[in-house]
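Shown here: query.txt, compact mmCIF, N, CA and C atoms and all ligand atoms.
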# COMPACT_ATOMS: atom_id res chain seq x y z
N MET Y 1 -21.19 -20.65 -3.16
CA MET Y 1 -20.03 -21.05 -2.36
C MET Y 1 -20.47 -22.04 -1.29
N ARG Y 2 -19.83 -23.19 -1.28
CA ARG Y 2 -20.23 -24.22 -0.32
C ARG Y 2 -19.69 -23.93 1.07
N GLU Y 3 -18.48 -23.39 1.10
CA GLU Y 3 -17.89 -23.06 2.40
C GLU Y 3 -16.87 -21.96 2.19
N LEU Y 4 -16.53 -21.30 3.29
CA LEU Y 4 -15.52 -20.25 3.25
C LEU Y 4 -14.31 -20.76 4.03
N ARG Y 5 -13.22 -20.97 3.31
CA ARG Y 5 -12.02 -21.49 3.94
C ARG Y 5 -11.10 -20.33 4.32
N LEU Y 6 -10.74 -20.28 5.58
CA LEU Y 6 -9.88 -19.20 6.07
C LEU Y 6 -8.58 -19.78 6.61
N PRO Y 7 -7.43 -19.35 6.06
CA PRO Y 7 -6.18 -19.73 6.70
C PRO Y 7 -6.18 -19.24 8.15
N GLU Y 8 -5.56 -20.00 9.03
CA GLU Y 8 -5.58 -19.64 10.45
C GLU Y 8 -5.06 -18.22 10.69
N ALA Y 9 -4.02 -17.82 9.95
CA ALA Y 9 -3.44 -16.48 10.13
C ALA Y 9 -4.46 -15.39 9.79
N VAL Y 10 -5.29 -15.66 8.78
CA VAL Y 10 -6.33 -14.70 8.39
C VAL Y 10 -7.38 -14.59 9.50
N ALA Y 11 -7.81 -15.74 10.01
CA ALA Y 11 -8.80 -15.74 11.09
C ALA Y 11 -8.25 -15.00 12.31
N GLU Y 12 -6.99 -15.25 12.63
CA GLU Y 12 -6.38 -14.59 13.80
C GLU Y 12 -6.27 -13.08 13.58
N ASP Y 13 -5.94 -12.69 12.36
CA ASP Y 13 -5.82 -11.27 12.04
C ASP Y 13 -7.17 -10.56 12.19
N MET Y 14 -8.23 -11.19 11.69
CA MET Y 14 -9.56 -10.60 11.83
C MET Y 14 -9.95 -10.47 13.30
N VAL Y 15 -9.74 -11.55 14.06
CA VAL Y 15 -10.13 -11.53 15.47
C VAL Y 15 -9.32 -10.47 16.23
N ALA Y 16 -8.02 -10.36 15.92
CA ALA Y 16 -7.18 -9.36 16.60
C ALA Y 16 -7.69 -7.95 16.32
N HIS Y 17 -8.03 -7.69 15.07
CA HIS Y 17 -8.55 -6.36 14.70
C HIS Y 17 -9.85 -6.09 15.46
N CYS Y 18 -10.70 -7.11 15.58
CA CYS Y 18 -11.98 -6.94 16.28
C CYS Y 18 -11.76 -6.69 17.77
N LEU Y 19 -10.80 -7.40 18.35
CA LEU Y 19 -10.51 -7.20 19.78
C LEU Y 19 -9.97 -5.79 20.00
N GLU Y 20 -9.11 -5.34 19.10
CA GLU Y 20 -8.54 -4.00 19.26
C GLU Y 20 -9.59 -2.91 19.09
N GLY Y 21 -10.65 -3.22 18.35
CA GLY Y 21 -11.69 -2.21 18.09
C GLY Y 21 -12.66 -2.01 19.24
N ARG Y 22 -12.65 -2.92 20.22
CA ARG Y 22 -13.60 -2.79 21.32
C ARG Y 22 -13.42 -1.45 22.04
N PRO Y 23 -14.46 -0.85 22.59
CA PRO Y 23 -15.82 -1.39 22.71
C PRO Y 23 -16.66 -1.27 21.43
N ASN Y 24 -16.10 -0.66 20.39
CA ASN Y 24 -16.88 -0.51 19.17
C ASN Y 24 -16.78 -1.75 18.29
N GLU Y 25 -17.72 -1.85 17.36
CA GLU Y 25 -17.59 -2.87 16.33
C GLU Y 25 -16.41 -2.51 15.44
N ALA Y 26 -15.74 -3.54 14.96
CA ALA Y 26 -14.63 -3.35 14.02
C ALA Y 26 -15.04 -3.97 12.68
N CYS Y 27 -14.34 -3.59 11.62
CA CYS Y 27 -14.76 -4.07 10.30
C CYS Y 27 -13.60 -4.09 9.32
N GLY Y 28 -13.85 -4.69 8.18
CA GLY Y 28 -12.85 -4.75 7.13
C GLY Y 28 -13.32 -5.67 6.03
N ILE Y 29 -12.40 -5.98 5.12
CA ILE Y 29 -12.71 -6.92 4.06
C ILE Y 29 -11.58 -7.95 3.97
N ILE Y 30 -11.88 -9.07 3.32
CA ILE Y 30 -10.82 -10.04 3.02
C ILE Y 30 -10.79 -10.26 1.52
N ALA Y 31 -9.58 -10.56 1.04
CA ALA Y 31 -9.37 -10.75 -0.40
C ALA Y 31 -8.85 -12.14 -0.67
N SER Y 32 -9.22 -12.66 -1.85
CA SER Y 32 -8.74 -13.98 -2.23
C SER Y 32 -8.05 -13.92 -3.58
N SER Y 33 -7.18 -14.90 -3.77
CA SER Y 33 -6.48 -15.07 -5.03
C SER Y 33 -6.65 -16.53 -5.44
N ASP Y 34 -7.22 -16.76 -6.62
CA ASP Y 34 -7.51 -18.12 -7.06
C ASP Y 34 -8.28 -18.91 -6.01
N GLY Y 35 -9.23 -18.25 -5.37
CA GLY Y 35 -10.08 -18.93 -4.41
C GLY Y 35 -9.50 -19.10 -3.02
N GLU Y 36 -8.25 -18.65 -2.81
CA GLU Y 36 -7.63 -18.75 -1.49
C GLU Y 36 -7.59 -17.38 -0.84
N VAL Y 37 -8.08 -17.30 0.39
CA VAL Y 37 -8.05 -16.01 1.07
C VAL Y 37 -6.60 -15.68 1.43
N VAL Y 38 -6.16 -14.50 0.98
CA VAL Y 38 -4.74 -14.16 1.11
C VAL Y 38 -4.49 -12.90 1.94
N LYS Y 39 -5.53 -12.11 2.20
CA LYS Y 39 -5.25 -10.81 2.80
C LYS Y 39 -6.45 -10.28 3.57
N VAL Y 40 -6.15 -9.70 4.74
CA VAL Y 40 -7.16 -9.00 5.53
C VAL Y 40 -6.90 -7.50 5.40
N PHE Y 41 -7.91 -6.76 5.04
CA PHE Y 41 -7.82 -5.30 5.05
C PHE Y 41 -8.58 -4.81 6.29
N ARG Y 42 -7.83 -4.37 7.27
CA ARG Y 42 -8.46 -3.81 8.47
C ARG Y 42 -8.94 -2.41 8.15
N MET Y 43 -10.16 -2.11 8.52
CA MET Y 43 -10.70 -0.78 8.23
C MET Y 43 -11.25 -0.12 9.47
N THR Y 44 -11.40 1.18 9.35
CA THR Y 44 -11.99 1.98 10.42
C THR Y 44 -13.51 1.86 10.34
N ASN Y 45 -14.14 1.67 11.49
CA ASN Y 45 -15.60 1.72 11.55
C ASN Y 45 -16.00 3.19 11.54
N ALA Y 46 -16.50 3.65 10.40
CA ALA Y 46 -16.84 5.07 10.27
C ALA Y 46 -17.95 5.48 11.23
N ASP Y 47 -18.74 4.50 11.69
CA ASP Y 47 -19.80 4.81 12.65
C ASP Y 47 -19.28 4.90 14.08
N ALA Y 48 -18.07 4.39 14.32
CA ALA Y 48 -17.49 4.39 15.68
C ALA Y 48 -18.55 4.06 16.73
N SER Y 49 -19.21 2.91 16.52
CA SER Y 49 -20.34 2.53 17.36
C SER Y 49 -20.19 1.10 17.87
N PRO Y 50 -20.69 0.82 19.08
CA PRO Y 50 -20.67 -0.56 19.56
C PRO Y 50 -21.77 -1.43 18.98
N VAL Y 51 -22.71 -0.85 18.24
CA VAL Y 51 -23.85 -1.63 17.73
C VAL Y 51 -24.01 -1.58 16.21
N ARG Y 52 -23.20 -0.80 15.52
CA ARG Y 52 -23.30 -0.81 14.07
C ARG Y 52 -21.95 -0.43 13.46
N TYR Y 53 -21.87 -0.63 12.15
CA TYR Y 53 -20.61 -0.33 11.49
C TYR Y 53 -20.87 0.16 10.09
N SER Y 54 -19.93 0.94 9.58
CA SER Y 54 -19.83 1.11 8.13
C SER Y 54 -18.35 1.28 7.79
N LEU Y 55 -17.98 0.67 6.69
CA LEU Y 55 -16.58 0.72 6.25
C LEU Y 55 -16.23 2.16 5.91
N ASP Y 56 -15.08 2.60 6.37
CA ASP Y 56 -14.58 3.92 5.98
C ASP Y 56 -14.46 3.95 4.45
N THR Y 57 -15.12 4.90 3.81
CA THR Y 57 -15.21 4.87 2.34
C THR Y 57 -13.86 5.06 1.67
N ARG Y 58 -13.01 5.91 2.27
CA ARG Y 58 -11.70 6.14 1.66
C ARG Y 58 -10.84 4.88 1.75
N GLU Y 59 -10.87 4.22 2.90
CA GLU Y 59 -10.12 2.97 3.06
C GLU Y 59 -10.66 1.87 2.15
N GLN Y 60 -11.97 1.87 2.01
CA GLN Y 60 -12.60 0.87 1.14
C GLN Y 60 -12.16 1.08 -0.31
N PHE Y 61 -12.14 2.33 -0.74
CA PHE Y 61 -11.71 2.66 -2.10
C PHE Y 61 -10.27 2.22 -2.32
N ALA Y 62 -9.40 2.53 -1.36
CA ALA Y 62 -7.98 2.16 -1.47
C ALA Y 62 -7.83 0.64 -1.54
N ALA Y 63 -8.61 -0.08 -0.74
CA ALA Y 63 -8.53 -1.54 -0.73
C ALA Y 63 -8.99 -2.11 -2.08
N TYR Y 64 -10.06 -1.56 -2.62
CA TYR Y 64 -10.56 -2.07 -3.91
C TYR Y 64 -9.55 -1.79 -5.02
N GLU Y 65 -8.83 -0.67 -4.92
CA GLU Y 65 -7.77 -0.39 -5.90
C GLU Y 65 -6.67 -1.45 -5.83
N LYS Y 66 -6.32 -1.80 -4.58
CA LYS Y 66 -5.30 -2.83 -4.38
C LYS Y 66 -5.77 -4.17 -4.95
N LEU Y 67 -7.05 -4.48 -4.74
CA LEU Y 67 -7.60 -5.71 -5.30
C LEU Y 67 -7.45 -5.73 -6.82
N ASP Y 68 -7.76 -4.60 -7.44
CA ASP Y 68 -7.62 -4.49 -8.89
C ASP Y 68 -6.18 -4.72 -9.32
N GLN Y 69 -5.26 -4.04 -8.63
CA GLN Y 69 -3.84 -4.14 -8.98
C GLN Y 69 -3.34 -5.58 -8.89
N GLU Y 70 -3.73 -6.25 -7.80
CA GLU Y 70 -3.22 -7.59 -7.54
C GLU Y 70 -4.05 -8.68 -8.22
N ARG Y 71 -5.15 -8.26 -8.84
CA ARG Y 71 -6.11 -9.20 -9.43
C ARG Y 71 -6.66 -10.15 -8.37
N TRP Y 72 -6.93 -9.58 -7.21
CA TRP Y 72 -7.57 -10.34 -6.15
C TRP Y 72 -9.07 -10.15 -6.23
N ASP Y 73 -9.79 -11.06 -5.58
CA ASP Y 73 -11.24 -10.94 -5.51
C ASP Y 73 -11.67 -10.57 -4.10
N LEU Y 74 -12.78 -9.89 -4.02
CA LEU Y 74 -13.38 -9.61 -2.72
C LEU Y 74 -13.98 -10.91 -2.19
N ALA Y 75 -13.45 -11.40 -1.09
CA ALA Y 75 -13.90 -12.70 -0.56
C ALA Y 75 -14.91 -12.55 0.57
N GLY Y 76 -15.03 -11.34 1.11
CA GLY Y 76 -16.00 -11.14 2.17
C GLY Y 76 -15.83 -9.80 2.86
N VAL Y 77 -16.91 -9.39 3.51
CA VAL Y 77 -16.90 -8.17 4.33
C VAL Y 77 -17.12 -8.64 5.76
N PHE Y 78 -16.23 -8.24 6.67
CA PHE Y 78 -16.39 -8.73 8.04
C PHE Y 78 -16.62 -7.58 9.02
N HIS Y 79 -17.29 -7.92 10.11
CA HIS Y 79 -17.41 -6.98 11.23
C HIS Y 79 -17.62 -7.78 12.50
N SER Y 80 -17.47 -7.08 13.62
CA SER Y 80 -17.58 -7.78 14.90
C SER Y 80 -18.91 -7.49 15.57
N HIS Y 81 -19.32 -8.45 16.39
CA HIS Y 81 -20.38 -8.23 17.37
C HIS Y 81 -19.71 -8.38 18.72
N THR Y 82 -19.71 -7.31 19.49
CA THR Y 82 -18.93 -7.34 20.72
C THR Y 82 -19.64 -8.11 21.84
N ARG Y 83 -20.98 -8.14 21.80
CA ARG Y 83 -21.71 -8.77 22.89
C ARG Y 83 -22.77 -9.76 22.44
N THR Y 84 -22.99 -9.84 21.15
CA THR Y 84 -24.05 -10.72 20.66
C THR Y 84 -23.46 -11.80 19.77
N ASP Y 85 -24.31 -12.76 19.41
CA ASP Y 85 -23.87 -13.90 18.62
C ASP Y 85 -23.41 -13.48 17.23
N ALA Y 86 -22.70 -14.38 16.61
CA ALA Y 86 -22.21 -14.16 15.25
C ALA Y 86 -23.33 -14.47 14.26
N PHE Y 87 -24.36 -13.62 14.27
CA PHE Y 87 -25.52 -13.81 13.40
C PHE Y 87 -25.97 -12.42 12.95
N PRO Y 88 -26.38 -12.27 11.68
CA PRO Y 88 -26.72 -10.93 11.20
C PRO Y 88 -27.87 -10.29 11.99
N SER Y 89 -27.67 -9.07 12.40
CA SER Y 89 -28.73 -8.31 13.07
C SER Y 89 -29.70 -7.79 12.01
N PRO Y 90 -30.89 -7.35 12.44
CA PRO Y 90 -31.81 -6.73 11.46
C PRO Y 90 -31.14 -5.58 10.72
N THR Y 91 -30.28 -4.83 11.41
CA THR Y 91 -29.56 -3.74 10.74
C THR Y 91 -28.61 -4.29 9.69
N ASP Y 92 -27.89 -5.37 10.04
CA ASP Y 92 -26.97 -5.98 9.06
C ASP Y 92 -27.72 -6.39 7.79
N VAL Y 93 -28.90 -6.96 7.98
CA VAL Y 93 -29.69 -7.41 6.82
C VAL Y 93 -30.15 -6.20 6.01
N ARG Y 94 -30.64 -5.19 6.71
CA ARG Y 94 -31.13 -4.00 6.02
C ARG Y 94 -30.02 -3.34 5.20
N GLU Y 95 -28.80 -3.30 5.79
CA GLU Y 95 -27.69 -2.59 5.15
C GLU Y 95 -26.97 -3.41 4.09
N ALA Y 96 -27.27 -4.69 3.98
CA ALA Y 96 -26.55 -5.54 3.02
C ALA Y 96 -26.82 -5.06 1.61
N ARG Y 97 -25.75 -4.90 0.85
CA ARG Y 97 -25.88 -4.33 -0.51
C ARG Y 97 -25.13 -5.14 -1.56
N GLU Y 98 -24.52 -6.24 -1.15
CA GLU Y 98 -23.70 -6.97 -2.11
C GLU Y 98 -23.90 -8.46 -1.93
N ASP Y 99 -23.71 -9.17 -3.03
CA ASP Y 99 -23.77 -10.63 -2.96
C ASP Y 99 -22.37 -11.15 -2.63
N VAL Y 100 -21.96 -10.92 -1.40
CA VAL Y 100 -20.66 -11.41 -0.92
C VAL Y 100 -20.89 -12.03 0.44
N PRO Y 101 -19.97 -12.90 0.88
CA PRO Y 101 -20.11 -13.41 2.24
C PRO Y 101 -19.96 -12.27 3.25
N TYR Y 102 -20.92 -12.16 4.13
CA TYR Y 102 -20.81 -11.25 5.27
C TYR Y 102 -20.34 -12.09 6.45
N ILE Y 103 -19.16 -11.75 6.94
CA ILE Y 103 -18.52 -12.53 8.00
C ILE Y 103 -18.71 -11.78 9.31
N ILE Y 104 -19.15 -12.49 10.32
CA ILE Y 104 -19.35 -11.86 11.62
C ILE Y 104 -18.47 -12.56 12.65
N VAL Y 105 -17.70 -11.76 13.36
CA VAL Y 105 -16.82 -12.24 14.42
C VAL Y 105 -17.48 -11.88 15.74
N SER Y 106 -17.91 -12.88 16.49
CA SER Y 106 -18.51 -12.59 17.79
C SER Y 106 -17.46 -12.67 18.88
N LEU Y 107 -17.42 -11.59 19.67
CA LEU Y 107 -16.51 -11.54 20.81
C LEU Y 107 -17.27 -11.80 22.11
N ALA Y 108 -18.53 -12.26 21.98
CA ALA Y 108 -19.35 -12.46 23.17
C ALA Y 108 -18.77 -13.54 24.06
N GLN Y 109 -18.08 -14.50 23.44
CA GLN Y 109 -17.43 -15.55 24.20
C GLN Y 109 -15.96 -15.64 23.80
N ASP Y 110 -15.20 -16.21 24.69
CA ASP Y 110 -13.78 -16.41 24.42
C ASP Y 110 -13.55 -17.92 24.30
N PRO Y 111 -13.04 -18.46 23.20
CA PRO Y 111 -12.54 -17.71 22.03
C PRO Y 111 -13.66 -17.16 21.15
N ALA Y 112 -13.29 -16.22 20.31
CA ALA Y 112 -14.25 -15.62 19.39
C ALA Y 112 -14.78 -16.66 18.42
N THR Y 113 -16.00 -16.42 17.94
CA THR Y 113 -16.54 -17.30 16.91
C THR Y 113 -16.69 -16.53 15.60
N ILE Y 114 -16.47 -17.24 14.51
CA ILE Y 114 -16.54 -16.63 13.18
C ILE Y 114 -17.56 -17.40 12.36
N ARG Y 115 -18.57 -16.69 11.86
CA ARG Y 115 -19.55 -17.31 10.97
C ARG Y 115 -19.73 -16.42 9.75
N ALA Y 116 -20.21 -17.00 8.68
CA ALA Y 116 -20.38 -16.23 7.44
C ALA Y 116 -21.77 -16.49 6.86
N PHE Y 117 -22.30 -15.47 6.22
CA PHE Y 117 -23.67 -15.54 5.70
C PHE Y 117 -23.77 -14.82 4.37
N ARG Y 118 -24.62 -15.35 3.54
CA ARG Y 118 -25.04 -14.62 2.36
C ARG Y 118 -26.42 -14.06 2.66
N ILE Y 119 -26.63 -12.83 2.29
CA ILE Y 119 -27.93 -12.21 2.51
C ILE Y 119 -28.57 -12.00 1.14
N VAL Y 120 -29.69 -12.66 0.94
CA VAL Y 120 -30.32 -12.70 -0.38
C VAL Y 120 -31.57 -11.82 -0.35
N LYS Y 121 -31.61 -10.87 -1.28
CA LYS Y 121 -32.76 -9.97 -1.37
C LYS Y 121 -33.25 -9.92 -2.81
N GLU Y 122 -34.53 -9.63 -2.96
CA GLU Y 122 -35.04 -9.40 -4.32
C GLU Y 122 -34.47 -8.10 -4.85
N ASN Y 123 -34.49 -7.09 -4.02
CA ASN Y 123 -33.89 -5.80 -4.37
C ASN Y 123 -32.95 -5.40 -3.24
N TRP Y 124 -31.81 -4.83 -3.61
CA TRP Y 124 -30.83 -4.50 -2.57
C TRP Y 124 -31.30 -3.42 -1.63
N THR Y 125 -32.36 -2.70 -2.03
CA THR Y 125 -32.90 -1.67 -1.13
C THR Y 125 -33.89 -2.26 -0.13
N ASP Y 126 -34.26 -3.55 -0.29
CA ASP Y 126 -35.19 -4.18 0.65
C ASP Y 126 -34.62 -4.15 2.07
N ALA Y 127 -35.52 -3.98 3.03
CA ALA Y 127 -35.08 -3.98 4.43
C ALA Y 127 -34.84 -5.40 4.94
N GLU Y 128 -35.51 -6.36 4.30
CA GLU Y 128 -35.39 -7.73 4.78
C GLU Y 128 -34.88 -8.64 3.66
N GLY Y 129 -34.32 -9.77 4.10
CA GLY Y 129 -33.81 -10.71 3.13
C GLY Y 129 -33.64 -12.06 3.77
N ASP Y 130 -33.30 -13.04 2.93
CA ASP Y 130 -33.04 -14.38 3.45
C ASP Y 130 -31.59 -14.47 3.91
N ILE Y 131 -31.40 -15.09 5.06
CA ILE Y 131 -30.06 -15.26 5.61
C ILE Y 131 -29.64 -16.70 5.37
N GLN Y 132 -28.57 -16.90 4.60
CA GLN Y 132 -28.10 -18.25 4.31
C GLN Y 132 -26.69 -18.41 4.85
N GLU Y 133 -26.50 -19.37 5.73
CA GLU Y 133 -25.18 -19.54 6.32
C GLU Y 133 -24.22 -20.22 5.36
N ILE Y 134 -22.99 -19.72 5.34
CA ILE Y 134 -21.89 -20.35 4.60
C ILE Y 134 -20.94 -20.94 5.65
N PRO Y 135 -20.78 -22.24 5.66
CA PRO Y 135 -19.88 -22.82 6.69
C PRO Y 135 -18.46 -22.25 6.58
N VAL Y 136 -17.90 -21.89 7.72
CA VAL Y 136 -16.53 -21.37 7.77
C VAL Y 136 -15.60 -22.49 8.24
N VAL Y 137 -14.54 -22.70 7.48
CA VAL Y 137 -13.54 -23.69 7.83
C VAL Y 137 -12.21 -22.96 8.05
N VAL Y 138 -11.70 -23.02 9.27
CA VAL Y 138 -10.39 -22.42 9.55
C VAL Y 138 -9.33 -23.50 9.38
N GLU Y 139 -8.39 -23.18 8.50
CA GLU Y 139 -7.36 -24.16 8.15
C GLU Y 139 -6.04 -23.81 8.85
N GLY Y 140 -5.62 -24.65 9.75
CA GLY Y 140 -4.41 -24.35 10.49
C GLY Y 140 -3.19 -25.05 9.90
ZN ZN D 201 -23.70 -6.80 12.81
Transcribe the structure of this file into structure tokens.
Amino acid sequence: MRELRLPEAVAEDMVAHCLEGRPNEACGIIASSDGEVVKVFRMTNADASPVRYSLDTREQFAAYEKLDQERWDLAGVFHSHTRTDAFPSPTDVREAREDVPYIIVSLAQDPATIRAFRIVKENWTDAEGDIQEIPVVVEG
């Protein structure tokens, strides 16, 4: 993927969810149809933590069912950094398990910044991996 194009409404929806989740990290997934991002699934941070996240498994399952029904694709997994830059933390890299864009919304500055990364590992159980940025384009 050369870039991740986000409709402005999608970007705003993600940022709003992240702001509402403070002081904890917030998370969710986005779905695309024919390469266009069409939907934000806001999820509960099962870790309820300001420094880490995990998608609520029941909500994740329900979202993936919806993706199947609608024939949508998983376009990315997003979470917020409330005080740090929009860059994967060592924990984010360690926990990465999928070849999907990992989108990070940083609330450290106003306005929020959104960046996306692919995390490349030889084995998904590896603690470390290569971080490759995917340019994010917000389309208004
Ligand atoms: Zn993170």
task: Just the residues within 9 Å of Val40 (chain Y), please, counting only C-alpha atoms, with nothing from its chain fewer than 4 positions along; format it as a count of residues only.
output: 8
- request: May I have all residues of chain Y that DSSP, computed from the backbone, assigns to strand (DSSP E or B), given as a ChimeraX atom specification?
  value: /Y:4-7,27-33,36-43,45,55,73-81,102-106,113-120,130-134,136-139
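Taking all atoms listed in the file into account, every polymer residue with at least one atom at most 7 Å away from ligand ZN 201 (chain D) is listed here: Val51, Arg52, Tyr53, His79, Ser80, His81, Phe87, Pro88, Ser89, Thr91, Asp92 and Ile104 of chain Y.
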statement: For Ser49 (chain Y), the closest of Y:Ala26, Y:Ser33, Y:Phe61, Y:Pro101 counting all atoms listed in the file is Y:Ala26
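Of note, CA of Pro111 (chain Y) and CA of Ile131 (chain Y) are spaced 24.1 Å apart.
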- prompt: So which residues touch Cys27 (chain Y) within 8 Å, counting only C-alpha atoms, skipping near sequence neighbours fewer than 5 positions away, as a ChimeraX atom specification?
  reply: /Y:17-18,42-45,53-55,77-80
Identify all residues of chain Y in alpha helix (DSSP H) (DSSP on the backbone) and supply them as a CSV table (one decimal) with N, CA and C atoms, in the frame of the given file.
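The new file result19.csv reads:
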chain,number,residue,atom,x,y,z
Y,8,GLU,N,-5.6,-20.0,9.0
Y,8,GLU,CA,-5.6,-19.6,10.4
Y,8,GLU,C,-5.1,-18.2,10.7
Y,9,ALA,N,-4.0,-17.8,10.0
Y,9,ALA,CA,-3.4,-16.5,10.1
Y,9,ALA,C,-4.5,-15.4,9.8
Y,10,VAL,N,-5.3,-15.7,8.8
Y,10,VAL,CA,-6.3,-14.7,8.4
Y,10,VAL,C,-7.4,-14.6,9.5
Y,11,ALA,N,-7.8,-15.7,10.0
Y,11,ALA,CA,-8.8,-15.7,11.1
Y,11,ALA,C,-8.2,-15.0,12.3
Y,12,GLU,N,-7.0,-15.2,12.6
Y,12,GLU,CA,-6.4,-14.6,13.8
Y,12,GLU,C,-6.3,-13.1,13.6
Y,13,ASP,N,-5.9,-12.7,12.4
Y,13,ASP,CA,-5.8,-11.3,12.0
Y,13,ASP,C,-7.2,-10.6,12.2
Y,14,MET,N,-8.2,-11.2,11.7
Y,14,MET,CA,-9.6,-10.6,11.8
Y,14,MET,C,-10.0,-10.5,13.3
Y,15,VAL,N,-9.7,-11.6,14.1
Y,15,VAL,CA,-10.1,-11.5,15.5
Y,15,VAL,C,-9.3,-10.5,16.2
Y,16,ALA,N,-8.0,-10.4,15.9
Y,16,ALA,CA,-7.2,-9.4,16.6
Y,16,ALA,C,-7.7,-8.0,16.3
Y,17,HIS,N,-8.0,-7.7,15.1
Y,17,HIS,CA,-8.6,-6.4,14.7
Y,17,HIS,C,-9.8,-6.1,15.5
Y,18,CYS,N,-10.7,-7.1,15.6
Y,18,CYS,CA,-12.0,-6.9,16.3
Y,18,CYS,C,-11.8,-6.7,17.8
Y,19,LEU,N,-10.8,-7.4,18.4
Y,19,LEU,CA,-10.5,-7.2,19.8
Y,19,LEU,C,-10.0,-5.8,20.0
Y,20,GLU,N,-9.1,-5.3,19.1
Y,20,GLU,CA,-8.5,-4.0,19.3
Y,20,GLU,C,-9.6,-2.9,19.1
Y,21,GLY,N,-10.6,-3.2,18.4
Y,21,GLY,CA,-11.7,-2.2,18.1
Y,21,GLY,C,-12.7,-2.0,19.2
Y,57,THR,N,-15.1,4.9,3.8
Y,57,THR,CA,-15.2,4.9,2.3
Y,57,THR,C,-13.9,5.1,1.7
Y,58,ARG,N,-13.0,5.9,2.3
Y,58,ARG,CA,-11.7,6.1,1.7
Y,58,ARG,C,-10.8,4.9,1.8
Y,59,GLU,N,-10.9,4.2,2.9
Y,59,GLU,CA,-10.1,3.0,3.1
Y,59,GLU,C,-10.7,1.9,2.2
Y,60,GLN,N,-12.0,1.9,2.0
Y,60,GLN,CA,-12.6,0.9,1.1
Y,60,GLN,C,-12.2,1.1,-0.3
Y,61,PHE,N,-12.1,2.3,-0.7
Y,61,PHE,CA,-11.7,2.7,-2.1
Y,61,PHE,C,-10.3,2.2,-2.3
Y,62,ALA,N,-9.4,2.5,-1.4
Y,62,ALA,CA,-8.0,2.2,-1.5
Y,62,ALA,C,-7.8,0.6,-1.5
Y,63,ALA,N,-8.6,-0.1,-0.7
Y,63,ALA,CA,-8.5,-1.5,-0.7
Y,63,ALA,C,-9.0,-2.1,-2.1
Y,64,TYR,N,-10.1,-1.6,-2.6
Y,64,TYR,CA,-10.6,-2.1,-3.9
Y,64,TYR,C,-9.6,-1.8,-5.0
Y,65,GLU,N,-8.8,-0.7,-4.9
Y,65,GLU,CA,-7.8,-0.4,-5.9
Y,65,GLU,C,-6.7,-1.4,-5.8
Y,66,LYS,N,-6.3,-1.8,-4.6
Y,66,LYS,CA,-5.3,-2.8,-4.4
Y,66,LYS,C,-5.8,-4.2,-5.0
Y,67,LEU,N,-7.0,-4.5,-4.7
Y,67,LEU,CA,-7.6,-5.7,-5.3
Y,67,LEU,C,-7.4,-5.7,-6.8
Y,68,ASP,N,-7.8,-4.6,-7.4
Y,68,ASP,CA,-7.6,-4.5,-8.9
Y,68,ASP,C,-6.2,-4.7,-9.3
Y,69,GLN,N,-5.3,-4.0,-8.6
Y,69,GLN,CA,-3.8,-4.1,-9.0
Y,69,GLN,C,-3.3,-5.6,-8.9
Y,70,GLU,N,-3.7,-6.2,-7.8
Y,70,GLU,CA,-3.2,-7.6,-7.5
Y,70,GLU,C,-4.0,-8.7,-8.2
Y,90,PRO,N,-30.9,-7.4,12.4
Y,90,PRO,CA,-31.8,-6.7,11.5
Y,90,PRO,C,-31.1,-5.6,10.7
Y,91,THR,N,-30.3,-4.8,11.4
Y,91,THR,CA,-29.6,-3.7,10.7
Y,91,THR,C,-28.6,-4.3,9.7
Y,92,ASP,N,-27.9,-5.4,10.0
Y,92,ASP,CA,-27.0,-6.0,9.1
Y,92,ASP,C,-27.7,-6.4,7.8
Y,93,VAL,N,-28.9,-7.0,8.0
Y,93,VAL,CA,-29.7,-7.4,6.8
Y,93,VAL,C,-30.2,-6.2,6.0
Y,94,ARG,N,-30.6,-5.2,6.7
Y,94,ARG,CA,-31.1,-4.0,6.0
Y,94,ARG,C,-30.0,-3.3,5.2
Y,95,GLU,N,-28.8,-3.3,5.8
Y,95,GLU,CA,-27.7,-2.6,5.2
Y,95,GLU,C,-27.0,-3.4,4.1
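Considering only C-alpha atoms, the residue among Y:Val136, Y:Ala116, Y:Val38, Y:Ala108 positioned nearest to Thr82 (chain Y) is Y:Ala108.
Each of Y:Thr57, Y:Thr125, Y:Asn24, Y:Thr84 was checked against Ala112 (chain Y) using only C-alpha atoms; the smallest atom-to-atom distance is that of Y:Thr84.
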query: Pick the closest to Ser106 (chain Y) from Y:Arg5, Y:Glu25, Y:Gly129, Y:Phe41: which is it, counting only C-alpha atoms?
result: Y:Glu25
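Take CA of Glu12 (chain Y) and CA of Pro135 (chain Y): the distance between them is 17.3 Å.
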message: Set the distance at 7 Å and use only C-alpha atoms: which residues neighbour Ile134 (chain Y) once local chain neighbours fewer than 2 positions away are removed? I'd like the list as a ChimeraX atom specification.
response: /Y:2-4,116-118,132,136
Using N, CA and C atoms, can you export the residues from the last selection as a short mmCIF file (atom, residue, chain, number, x, y, z; two decimals), keeping the file's coordinate frame?
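result_17.cif, freshly written:
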data_model
loop_
_atom_site.label_atom_id
_atom_site.label_comp_id
_atom_site.auth_asym_id
_atom_site.auth_seq_id
_atom_site.Cartn_x
_atom_site.Cartn_y
_atom_site.Cartn_z
N ARG Y 2 -19.83 -23.19 -1.28
CA ARG Y 2 -20.23 -24.22 -0.32
C ARG Y 2 -19.69 -23.93 1.07
N GLU Y 3 -18.48 -23.39 1.10
CA GLU Y 3 -17.89 -23.06 2.40
C GLU Y 3 -16.87 -21.96 2.19
N LEU Y 4 -16.53 -21.30 3.29
CA LEU Y 4 -15.52 -20.25 3.25
C LEU Y 4 -14.31 -20.76 4.03
N ALA Y 116 -20.21 -17.00 8.68
CA ALA Y 116 -20.38 -16.23 7.44
C ALA Y 116 -21.77 -16.49 6.86
N PHE Y 117 -22.30 -15.47 6.22
CA PHE Y 117 -23.67 -15.54 5.70
C PHE Y 117 -23.77 -14.82 4.37
N ARG Y 118 -24.62 -15.35 3.54
CA ARG Y 118 -25.04 -14.62 2.36
C ARG Y 118 -26.42 -14.06 2.66
N GLN Y 132 -28.57 -16.90 4.60
CA GLN Y 132 -28.10 -18.25 4.31
C GLN Y 132 -26.69 -18.41 4.85
N VAL Y 136 -17.90 -21.89 7.72
CA VAL Y 136 -16.53 -21.37 7.77
C VAL Y 136 -15.60 -22.49 8.24
#
